[in-house]
file work10.cif (mmCIF, C-alpha atoms; chains and numbers go by the auth columns)
data_model
#
loop_
_atom_site.group_PDB
_atom_site.id
_atom_site.type_symbol
_atom_site.label_atom_id
_atom_site.label_comp_id
_atom_site.label_asym_id
_atom_site.label_seq_id
_atom_site.Cartn_x
_atom_site.Cartn_y
_atom_site.Cartn_z
_atom_site.B_iso_or_equiv
_atom_site.auth_seq_id
_atom_site.auth_asym_id
ATOM 1 C CA MET A 1 79.006 -101.846 53.836 0.00 1 A
ATOM 2 C CA SER A 2 82.172 -103.131 52.221 0.00 2 A
ATOM 3 C CA SER A 3 80.346 -106.285 51.099 0.00 3 A
ATOM 4 C CA VAL A 4 77.714 -104.130 49.378 0.00 4 A
ATOM 5 C CA ASN A 5 80.457 -102.197 47.548 0.00 5 A
ATOM 6 C CA PHE A 6 82.134 -105.469 46.603 0.00 6 A
ATOM 7 C CA ILE A 7 78.878 -106.835 45.154 0.00 7 A
ATOM 8 C CA LYS A 8 78.233 -103.557 43.335 0.00 8 A
ATOM 9 C CA THR A 9 81.764 -103.556 41.842 0.00 9 A
ATOM 10 C CA CYS A 10 81.428 -107.185 40.748 0.00 10 A
ATOM 11 C CA TYR A 11 78.024 -106.503 39.184 0.00 11 A
ATOM 12 C CA ASN A 12 79.253 -103.421 37.306 0.00 12 A
ATOM 13 C CA SER A 13 82.386 -105.162 36.012 0.00 13 A
ATOM 14 C CA GLN A 14 80.327 -108.225 35.009 0.00 14 A
ATOM 15 C CA LYS A 15 77.803 -105.974 33.230 0.00 15 A
ATOM 16 C CA LYS A 16 80.613 -104.178 31.408 0.00 16 A
ATOM 17 C CA SER A 17 82.210 -107.428 30.289 0.00 17 A
ATOM 18 C CA LEU A 18 78.824 -108.737 29.078 0.00 18 A
ATOM 19 C CA VAL A 19 78.325 -105.604 26.964 0.00 19 A
ATOM 20 C CA ASP A 20 81.888 -105.794 25.622 0.00 20 A
ATOM 21 C CA ASN A 21 81.407 -109.476 24.822 0.00 21 A
ATOM 22 C CA TYR A 22 78.092 -108.760 23.066 0.00 22 A
ATOM 23 C CA LEU A 23 79.636 -105.985 20.978 0.00 23 A
ATOM 24 C CA ALA A 24 82.642 -108.139 20.070 0.00 24 A
ATOM 25 C CA ASN A 25 80.333 -110.927 18.874 0.00 25 A
ATOM 26 C CA LEU A 26 78.131 -108.443 17.041 0.00 26 A
ATOM 27 C CA GLU A 27 81.170 -107.014 15.290 0.00 27 A
ATOM 28 C CA CYS A 28 82.201 -110.478 14.088 0.00 28 A
ATOM 29 C CA ASP A 29 78.756 -111.832 13.188 0.00 29 A
ATOM 30 C CA TYR A 30 77.020 -108.681 11.920 0.00 30 A
ATOM 31 C CA PRO A 31 79.668 -106.100 11.009 0.00 31 A
ATOM 32 C CA ASP A 32 77.281 -103.745 9.196 0.00 32 A
ATOM 33 C CA ILE A 33 74.923 -103.577 12.198 0.00 33 A
ATOM 34 C CA TYR A 34 77.903 -103.028 14.491 0.00 34 A
ATOM 35 C CA ILE A 35 79.091 -100.127 12.316 0.00 35 A
ATOM 36 C CA ILE A 36 75.654 -98.493 12.414 0.00 36 A
ATOM 37 C CA LEU A 37 75.179 -98.977 16.179 0.00 37 A
ATOM 38 C CA MET A 38 78.631 -97.621 16.958 0.00 38 A
ATOM 39 C CA GLY A 39 78.098 -94.615 14.678 0.00 39 A
ATOM 40 C CA LEU A 40 81.068 -95.547 12.530 0.00 40 A
ATOM 41 C CA ASP A 41 79.173 -95.129 9.249 0.00 41 A
ATOM 42 C CA VAL A 42 78.723 -91.399 9.669 0.00 42 A
ATOM 43 C CA GLU A 43 80.983 -89.485 7.342 0.00 43 A
ATOM 44 C CA PRO A 44 82.424 -86.297 8.757 0.00 44 A
ATOM 45 C CA PRO A 45 80.696 -83.154 7.491 0.00 45 A
ATOM 46 C CA ILE A 46 82.320 -81.347 4.592 0.00 46 A
ATOM 47 C CA ALA A 47 82.813 -77.708 5.578 0.00 47 A
ATOM 48 C CA VAL A 48 82.054 -74.723 3.377 0.00 48 A
ATOM 49 C CA THR A 49 85.269 -72.950 2.380 0.00 49 A
ATOM 50 C CA GLY A 50 83.695 -69.981 0.607 0.00 50 A
ATOM 51 C CA ILE A 51 80.818 -68.622 -1.462 0.00 51 A
ATOM 52 C CA ALA A 52 80.838 -66.401 -4.547 0.00 52 A
ATOM 53 C CA PHE A 53 78.202 -64.929 -6.833 0.00 53 A
ATOM 54 C CA ASP A 54 78.744 -65.513 -10.560 0.00 54 A
ATOM 55 C CA TYR A 55 77.985 -61.837 -11.247 0.00 55 A
ATOM 56 C CA GLU A 56 78.757 -58.605 -9.450 0.00 56 A
ATOM 57 C CA GLU A 57 75.442 -57.061 -10.452 0.00 57 A
ATOM 58 C CA THR A 58 72.122 -57.764 -12.127 0.00 58 A
ATOM 59 C CA ILE A 59 69.105 -55.794 -13.386 0.00 59 A
ATOM 60 C CA ILE A 60 65.426 -56.498 -12.736 0.00 60 A
ATOM 61 C CA GLY A 61 62.353 -54.523 -13.717 0.00 61 A
ATOM 62 C CA LEU A 62 59.391 -53.714 -11.523 0.00 62 A
ATOM 63 C CA ASP A 63 57.071 -54.865 -14.335 0.00 63 A
ATOM 64 C CA ASP A 64 58.993 -57.981 -15.387 0.00 64 A
ATOM 65 C CA PRO A 65 56.529 -60.860 -15.858 0.00 65 A
ATOM 66 C CA LEU A 66 58.406 -63.369 -13.695 0.00 66 A
ATOM 67 C CA PHE A 67 59.150 -63.622 -9.995 0.00 67 A
ATOM 68 C CA TYR A 68 62.791 -63.324 -9.109 0.00 68 A
ATOM 69 C CA THR A 69 64.756 -65.731 -7.038 0.00 69 A
ATOM 70 C CA VAL A 70 67.868 -64.461 -5.391 0.00 70 A
ATOM 71 C CA GLU A 71 70.932 -65.045 -7.528 0.00 71 A
ATOM 72 C CA LYS A 72 72.458 -67.989 -5.696 0.00 72 A
ATOM 73 C CA PRO A 73 76.168 -67.891 -4.975 0.00 73 A
ATOM 74 C CA VAL A 74 78.385 -70.825 -5.837 0.00 74 A
ATOM 75 C CA ILE A 75 79.238 -72.736 -2.657 0.00 75 A
ATOM 76 C CA SER A 76 82.714 -74.205 -2.359 0.00 76 A
ATOM 77 C CA PRO A 77 83.220 -77.054 -2.264 0.00 77 A
ATOM 78 C CA SER A 78 80.137 -78.050 -4.239 0.00 78 A
ATOM 79 C CA ASN A 79 79.621 -81.107 -2.011 0.00 79 A
ATOM 80 C CA ALA A 80 79.651 -79.155 1.260 0.00 80 A
ATOM 81 C CA THR A 81 77.288 -80.723 3.781 0.00 81 A
ATOM 82 C CA ASN A 82 75.463 -77.572 4.932 0.00 82 A
ATOM 83 C CA GLN A 83 74.561 -75.452 1.906 0.00 83 A
ATOM 84 C CA LYS A 84 72.096 -73.156 3.663 0.00 84 A
ATOM 85 C CA ILE A 85 72.381 -69.518 2.631 0.00 85 A
ATOM 86 C CA THR A 86 70.549 -66.514 4.064 0.00 86 A
ATOM 87 C CA TYR A 87 70.178 -63.216 2.237 0.00 87 A
ATOM 88 C CA VAL A 88 70.131 -59.661 3.499 0.00 88 A
ATOM 89 C CA SER A 89 68.949 -56.618 1.540 0.00 89 A
ATOM 90 C CA PHE A 90 70.680 -53.419 2.580 0.00 90 A
ATOM 91 C CA ASP A 91 67.673 -51.346 1.530 0.00 91 A
ATOM 92 C CA GLN A 92 64.391 -53.110 2.097 0.00 92 A
ATOM 93 C CA THR A 93 62.494 -50.160 0.605 0.00 93 A
ATOM 94 C CA ILE A 94 63.948 -51.166 -2.795 0.00 94 A
ATOM 95 C CA ILE A 95 64.064 -54.961 -2.443 0.00 95 A
ATOM 96 C CA ASP A 96 62.809 -57.019 0.444 0.00 96 A
ATOM 97 C CA ILE A 97 63.891 -60.607 1.004 0.00 97 A
ATOM 98 C CA PRO A 98 61.864 -62.192 3.814 0.00 98 A
ATOM 99 C CA SER A 99 63.942 -64.277 6.202 0.00 99 A
ATOM 100 C CA GLU A 100 64.346 -67.909 5.155 0.00 100 A
ATOM 101 C CA SER A 101 63.344 -66.961 1.598 0.00 101 A
ATOM 102 C CA GLU A 102 65.060 -66.922 -1.741 0.00 102 A
ATOM 103 C CA TRP A 103 62.572 -64.591 -3.431 0.00 103 A
ATOM 104 C CA TYR A 104 63.225 -60.962 -4.318 0.00 104 A
ATOM 105 C CA HIS A 105 60.339 -58.646 -3.601 0.00 105 A
ATOM 106 C CA PRO A 106 61.192 -55.534 -5.638 0.00 106 A
ATOM 107 C CA LYS A 107 59.312 -52.512 -4.291 0.00 107 A
ATOM 108 C CA LYS A 108 60.689 -49.469 -6.127 0.00 108 A
ATOM 109 C CA ALA A 109 63.403 -48.435 -8.554 0.00 109 A
ATOM 110 C CA GLY A 110 66.905 -48.060 -7.170 0.00 110 A
ATOM 111 C CA ILE A 111 70.169 -49.851 -6.529 0.00 111 A
ATOM 112 C CA VAL A 112 70.600 -52.185 -3.578 0.00 112 A
ATOM 113 C CA THR A 113 73.291 -54.530 -2.349 0.00 113 A
ATOM 114 C CA ILE A 114 72.240 -58.065 -1.433 0.00 114 A
ATOM 115 C CA THR A 115 74.550 -60.047 0.839 0.00 115 A
ATOM 116 C CA ALA A 116 74.548 -63.830 0.940 0.00 116 A
ATOM 117 C CA ILE A 117 75.765 -65.461 4.170 0.00 117 A
ATOM 118 C CA SER A 118 76.563 -69.144 4.502 0.00 118 A
ATOM 119 C CA GLU A 119 75.312 -70.816 7.662 0.00 119 A
ATOM 120 C CA ASP A 120 78.464 -72.929 7.752 0.00 120 A
ATOM 121 C CA GLY A 121 81.435 -70.634 8.330 0.00 121 A
ATOM 122 C CA ASN A 122 79.543 -67.338 7.863 0.00 122 A
ATOM 123 C CA PHE A 123 81.170 -66.724 4.482 0.00 123 A
ATOM 124 C CA THR A 124 79.721 -63.758 2.598 0.00 124 A
ATOM 125 C CA ASP A 125 79.533 -62.298 -0.876 0.00 125 A
ATOM 126 C CA THR A 126 77.492 -59.463 -2.329 0.00 126 A
ATOM 127 C CA ILE A 127 75.630 -58.666 -5.525 0.00 127 A
ATOM 128 C CA ARG A 128 74.322 -55.254 -6.590 0.00 128 A
ATOM 129 C CA VAL A 129 70.787 -55.297 -7.936 0.00 129 A
ATOM 130 C CA HIS A 130 69.535 -52.475 -10.156 0.00 130 A
ATOM 131 C CA VAL A 131 65.746 -52.263 -9.993 0.00 131 A
ATOM 132 C CA VAL A 132 64.364 -50.285 -12.923 0.00 132 A
ATOM 133 C CA GLU A 133 60.916 -48.901 -13.756 0.00 133 A
ATOM 134 C CA GLY A 134 59.040 -50.999 -16.314 0.00 134 A
ATOM 135 C CA GLN A 135 60.620 -54.160 -17.671 0.00 135 A
ATOM 136 C CA SER A 136 64.327 -54.945 -17.618 0.00 136 A
ATOM 137 C CA GLY A 137 64.321 -56.688 -20.987 0.00 137 A
ATOM 138 C CA ALA A 138 66.037 -59.695 -19.435 0.00 138 A
ATOM 139 C CA TRP A 139 63.230 -61.998 -20.555 0.00 139 A
ATOM 140 C CA ASP A 140 62.805 -60.689 -24.112 0.00 140 A
ATOM 141 C CA SER A 141 64.817 -63.415 -25.846 0.00 141 A
ATOM 142 C CA ILE A 142 63.815 -66.303 -23.580 0.00 142 A
ATOM 143 C CA THR A 143 61.098 -68.760 -24.535 0.00 143 A
ATOM 144 C CA VAL A 144 59.873 -71.119 -21.865 0.00 144 A
ATOM 145 C CA PRO A 145 58.060 -74.362 -22.635 0.00 145 A
ATOM 146 C CA GLN A 146 54.500 -74.288 -21.341 0.00 146 A
ATOM 147 C CA SER A 147 55.219 -77.360 -19.168 0.00 147 A
ATOM 148 C CA ASN A 148 57.727 -75.324 -17.131 0.00 148 A
ATOM 149 C CA LEU A 149 55.252 -72.618 -16.139 0.00 149 A
ATOM 150 C CA GLU A 150 53.218 -72.527 -12.972 0.00 150 A
ATOM 151 C CA THR A 151 50.875 -69.898 -11.608 0.00 151 A
ATOM 152 C CA ARG A 152 51.311 -68.990 -7.962 0.00 152 A
ATOM 153 C CA GLY A 153 48.187 -68.482 -5.826 0.00 153 A
ATOM 154 C CA ASN A 154 45.752 -65.908 -7.132 0.00 154 A
ATOM 155 C CA LEU A 155 48.414 -63.856 -8.905 0.00 155 A
ATOM 156 C CA THR A 156 47.371 -63.910 -12.522 0.00 156 A
ATOM 157 C CA ASP A 157 49.943 -61.485 -13.928 0.00 157 A
ATOM 158 C CA LYS A 158 53.048 -63.252 -12.581 0.00 158 A
ATOM 159 C CA ILE A 159 54.349 -66.723 -13.327 0.00 159 A
ATOM 160 C CA LEU A 160 57.095 -68.921 -11.990 0.00 160 A
ATOM 161 C CA CYS A 161 59.545 -70.412 -14.401 0.00 161 A
ATOM 162 C CA TYR A 162 61.569 -73.554 -13.811 0.00 162 A
ATOM 163 C CA VAL A 163 64.400 -73.608 -16.304 0.00 163 A
#
call {"tool": "encode", "arguments": {"input": "work10.cif", "output": "structure tokens"}}
result
Amino acid sequence: MSSVNFIKTCYNSQKKSLVDNYLANLECDYPDIYIILMGLDVEPPIAVTGIAFDYEETIIGLDDPLFYTVEKPVISPSNATNQKITYVSFDQTIIDIPSESEWYHPKKAGIVTITAISEDGNFTDTIRVHVVEGQSGAWDSITVPQSNLETRGNLTDKILCYV
């Protein structure tokens, strides 16, 4: 039994030295491949340190001609690795935001608080949204080039705008 253990130990140490030798040669001959194989080229993730909306509140109208995307908060630092944000409406009877979505679905007039939550660090900030009957007037002075407009599905009275 001791001879079997001796052979096993010799084999394992020989195998280890072969791998070490291979890696040492690889590092000298092909340093970029060595870096990739050893995972040395992976930069550490940049953590989110906070999020903040640019505004404390906004107004949208139930009859506004455009779909609304959720006002996105500024993520700090701007080069954070994980920039995923989820949104929660505190009154889904006024505005609904489906999970994993960035689209407001205004349902009735009222005031609602929307909370943004960063996936990295669970930082939060809020924005108050005033939903008014009719149009908000927010789009009155904005002209959008025709090339930036897109219809969505079979909805003929709403358009998406890419500014």
call {"tool": "atom_distance", "arguments": {"input": "work10.cif", "atom1": "CA of Tyr55 in chain A", "atom2": "CA of Pro77 in chain A"}}
result
18.4 Å
call {"tool": "atom_distance", "arguments": {"input": "work10.cif", "atom1": "CA of Asn82 in chain A", "atom2": "CA of Leu37 in chain A"}}
result
24.2 Å
call {"tool": "resolve_selection", "arguments": {"input": "work10.cif", "expression": "the PyMOL selection byres ((chain A and resi 113-119) around 10)", "output": "PyMOL selection string"}}
result
chain A and resi 48-53+56-57+70-73+75+82-92+94-97+104+111-112+120-130
call {"tool": "axis_aligned_box", "arguments": {"input": "work10.cif", "around": "range 70-78 of chain A", "padding_each_side": "3 Å", "output": "JSON"}}
result
{"center_x": 75.5, "center_y": -71.3, "center_z": -4.9, "size_x": 21.4, "size_y": 19.6, "size_z": 11.3}
call {"tool": "closest_residue", "arguments": {"input": "work10.cif", "among": "A:Ser17, A:Gly61, A:Ala24, A:Thr81", "to": "Glu43 in chain A", "atoms": "all atoms listed in the file"}}
result
A:Thr81
call {"tool": "atom_distance", "arguments": {"input": "work10.cif", "atom1": "CA of Leu23 in chain A", "atom2": "CA of Pro44 in chain A"}}
result
23.3 Å
call {"tool": "residues_around", "arguments": {"input": "work10.cif", "residues": "Asp64 in chain A", "least_positions_apart": "4", "cutoff": "8 Å", "atoms": "all atoms listed in the file", "output": "list in words"}}
result
Ile60, Gly134, Gln135, Ser136, Gly137 and Trp139 of chain A
call {"tool": "closest_residue", "arguments": {"input": "work10.cif", "among": "A:Val19, A:Ala109, A:Cys28, A:Val74", "to": "Asp54 in chain A", "atoms": "all atoms listed in the file"}}
result
A:Val74
call {"tool": "decode", "arguments": {"input": "work10.cif", "residues": "range 15-60 of chain A", "atoms": "N, CA and C atoms", "output": "compact mmCIF listing (two decimals), in the first residue's frame"}}
result
# COMPACT_ATOMS: atom_id res chain seq x y z
N LYS A 15 2.85 15.91 -12.11
CA LYS A 15 1.79 16.56 -12.87
C LYS A 15 1.77 18.05 -12.52
N LYS A 16 1.90 18.37 -11.24
CA LYS A 16 1.91 19.76 -10.81
C LYS A 16 3.10 20.49 -11.42
N SER A 17 4.26 19.89 -11.40
CA SER A 17 5.43 20.58 -11.95
C SER A 17 5.31 20.75 -13.46
N LEU A 18 4.67 19.79 -14.16
CA LEU A 18 4.46 19.93 -15.60
C LEU A 18 3.54 21.13 -15.89
N VAL A 19 2.47 21.25 -15.10
CA VAL A 19 1.54 22.37 -15.29
C VAL A 19 2.25 23.68 -15.00
N ASP A 20 2.98 23.74 -13.89
CA ASP A 20 3.72 24.96 -13.54
C ASP A 20 4.73 25.32 -14.63
N ASN A 21 5.42 24.32 -15.15
CA ASN A 21 6.39 24.54 -16.21
C ASN A 21 5.71 25.07 -17.47
N TYR A 22 4.55 24.47 -17.81
CA TYR A 22 3.80 24.91 -18.99
C TYR A 22 3.37 26.37 -18.83
N LEU A 23 2.83 26.70 -17.67
CA LEU A 23 2.37 28.06 -17.43
C LEU A 23 3.53 29.06 -17.46
N ALA A 24 4.67 28.67 -16.90
CA ALA A 24 5.84 29.55 -16.90
C ALA A 24 6.29 29.82 -18.34
N ASN A 25 6.32 28.77 -19.17
CA ASN A 25 6.69 28.96 -20.57
C ASN A 25 5.65 29.79 -21.32
N LEU A 26 4.40 29.54 -21.03
CA LEU A 26 3.32 30.29 -21.67
C LEU A 26 3.43 31.77 -21.32
N GLU A 27 3.73 32.04 -20.06
CA GLU A 27 3.87 33.43 -19.62
C GLU A 27 5.00 34.13 -20.36
N CYS A 28 6.09 33.45 -20.60
CA CYS A 28 7.23 34.04 -21.31
C CYS A 28 6.96 34.17 -22.80
N ASP A 29 6.43 33.10 -23.42
CA ASP A 29 6.27 33.08 -24.87
C ASP A 29 5.02 33.80 -25.36
N TYR A 30 3.94 33.70 -24.61
CA TYR A 30 2.65 34.27 -25.02
C TYR A 30 2.02 35.00 -23.84
N PRO A 31 2.56 36.14 -23.45
CA PRO A 31 2.07 36.80 -22.23
C PRO A 31 0.60 37.20 -22.28
N ASP A 32 0.10 37.61 -23.46
CA ASP A 32 -1.31 38.01 -23.52
C ASP A 32 -2.24 36.82 -23.33
N ILE A 33 -1.88 35.65 -23.86
CA ILE A 33 -2.70 34.45 -23.65
C ILE A 33 -2.64 34.04 -22.18
N TYR A 34 -1.47 34.12 -21.60
CA TYR A 34 -1.30 33.79 -20.18
C TYR A 34 -2.21 34.69 -19.32
N ILE A 35 -2.23 35.97 -19.61
CA ILE A 35 -3.05 36.91 -18.84
C ILE A 35 -4.52 36.55 -18.94
N ILE A 36 -4.97 36.20 -20.15
CA ILE A 36 -6.38 35.83 -20.34
C ILE A 36 -6.71 34.53 -19.60
N LEU A 37 -5.86 33.51 -19.78
CA LEU A 37 -6.11 32.21 -19.13
C LEU A 37 -6.11 32.31 -17.61
N MET A 38 -5.26 33.15 -17.07
CA MET A 38 -5.16 33.28 -15.62
C MET A 38 -6.19 34.26 -15.06
N GLY A 39 -6.98 34.88 -15.95
CA GLY A 39 -8.00 35.81 -15.49
C GLY A 39 -7.43 37.12 -14.97
N LEU A 40 -6.25 37.47 -15.42
CA LEU A 40 -5.59 38.68 -14.93
C LEU A 40 -6.03 39.93 -15.68
N ASP A 41 -6.75 39.75 -16.80
CA ASP A 41 -7.18 40.89 -17.60
C ASP A 41 -8.52 41.46 -17.15
N VAL A 42 -9.13 40.84 -16.19
CA VAL A 42 -10.44 41.27 -15.74
C VAL A 42 -10.27 42.43 -14.76
N GLU A 43 -10.84 43.57 -15.14
CA GLU A 43 -10.77 44.72 -14.25
C GLU A 43 -11.80 44.54 -13.15
N PRO A 44 -11.48 44.98 -11.95
CA PRO A 44 -12.45 44.86 -10.87
C PRO A 44 -13.67 45.72 -11.17
N PRO A 45 -14.85 45.27 -10.76
CA PRO A 45 -16.06 46.05 -11.02
C PRO A 45 -16.00 47.40 -10.29
N ILE A 46 -16.61 48.39 -10.92
CA ILE A 46 -16.69 49.71 -10.31
C ILE A 46 -18.06 49.81 -9.65
N ALA A 47 -18.08 49.98 -8.34
CA ALA A 47 -19.31 49.96 -7.56
C ALA A 47 -20.08 51.28 -7.69
N VAL A 48 -21.40 51.16 -7.62
CA VAL A 48 -22.26 52.33 -7.56
C VAL A 48 -22.10 52.95 -6.18
N THR A 49 -21.99 54.27 -6.13
CA THR A 49 -21.86 54.96 -4.84
C THR A 49 -23.09 55.79 -4.52
N GLY A 50 -24.02 55.89 -5.48
CA GLY A 50 -25.26 56.62 -5.22
C GLY A 50 -26.02 56.86 -6.50
N ILE A 51 -27.30 57.22 -6.36
CA ILE A 51 -28.13 57.60 -7.50
C ILE A 51 -28.93 58.83 -7.09
N ALA A 52 -29.26 59.67 -8.08
CA ALA A 52 -30.04 60.87 -7.78
C ALA A 52 -30.80 61.32 -9.02
N PHE A 53 -32.08 61.59 -8.85
CA PHE A 53 -32.87 62.17 -9.94
C PHE A 53 -32.44 63.62 -10.13
N ASP A 54 -32.54 64.11 -11.38
CA ASP A 54 -32.23 65.52 -11.65
C ASP A 54 -33.32 66.44 -11.11
N TYR A 55 -34.55 65.93 -11.01
CA TYR A 55 -35.68 66.73 -10.56
C TYR A 55 -36.35 66.05 -9.38
N GLU A 56 -37.02 66.85 -8.56
CA GLU A 56 -37.77 66.28 -7.45
C GLU A 56 -39.17 65.87 -7.88
N GLU A 57 -39.68 66.54 -8.94
CA GLU A 57 -41.00 66.19 -9.43
C GLU A 57 -41.15 66.52 -10.90
N THR A 58 -42.17 65.92 -11.51
CA THR A 58 -42.45 66.13 -12.93
C THR A 58 -43.95 66.03 -13.14
N ILE A 59 -44.43 66.52 -14.27
CA ILE A 59 -45.86 66.49 -14.60
C ILE A 59 -46.04 65.77 -15.92
N ILE A 60 -47.03 64.88 -15.97
CA ILE A 60 -47.41 64.25 -17.24
C ILE A 60 -48.94 64.29 -17.34
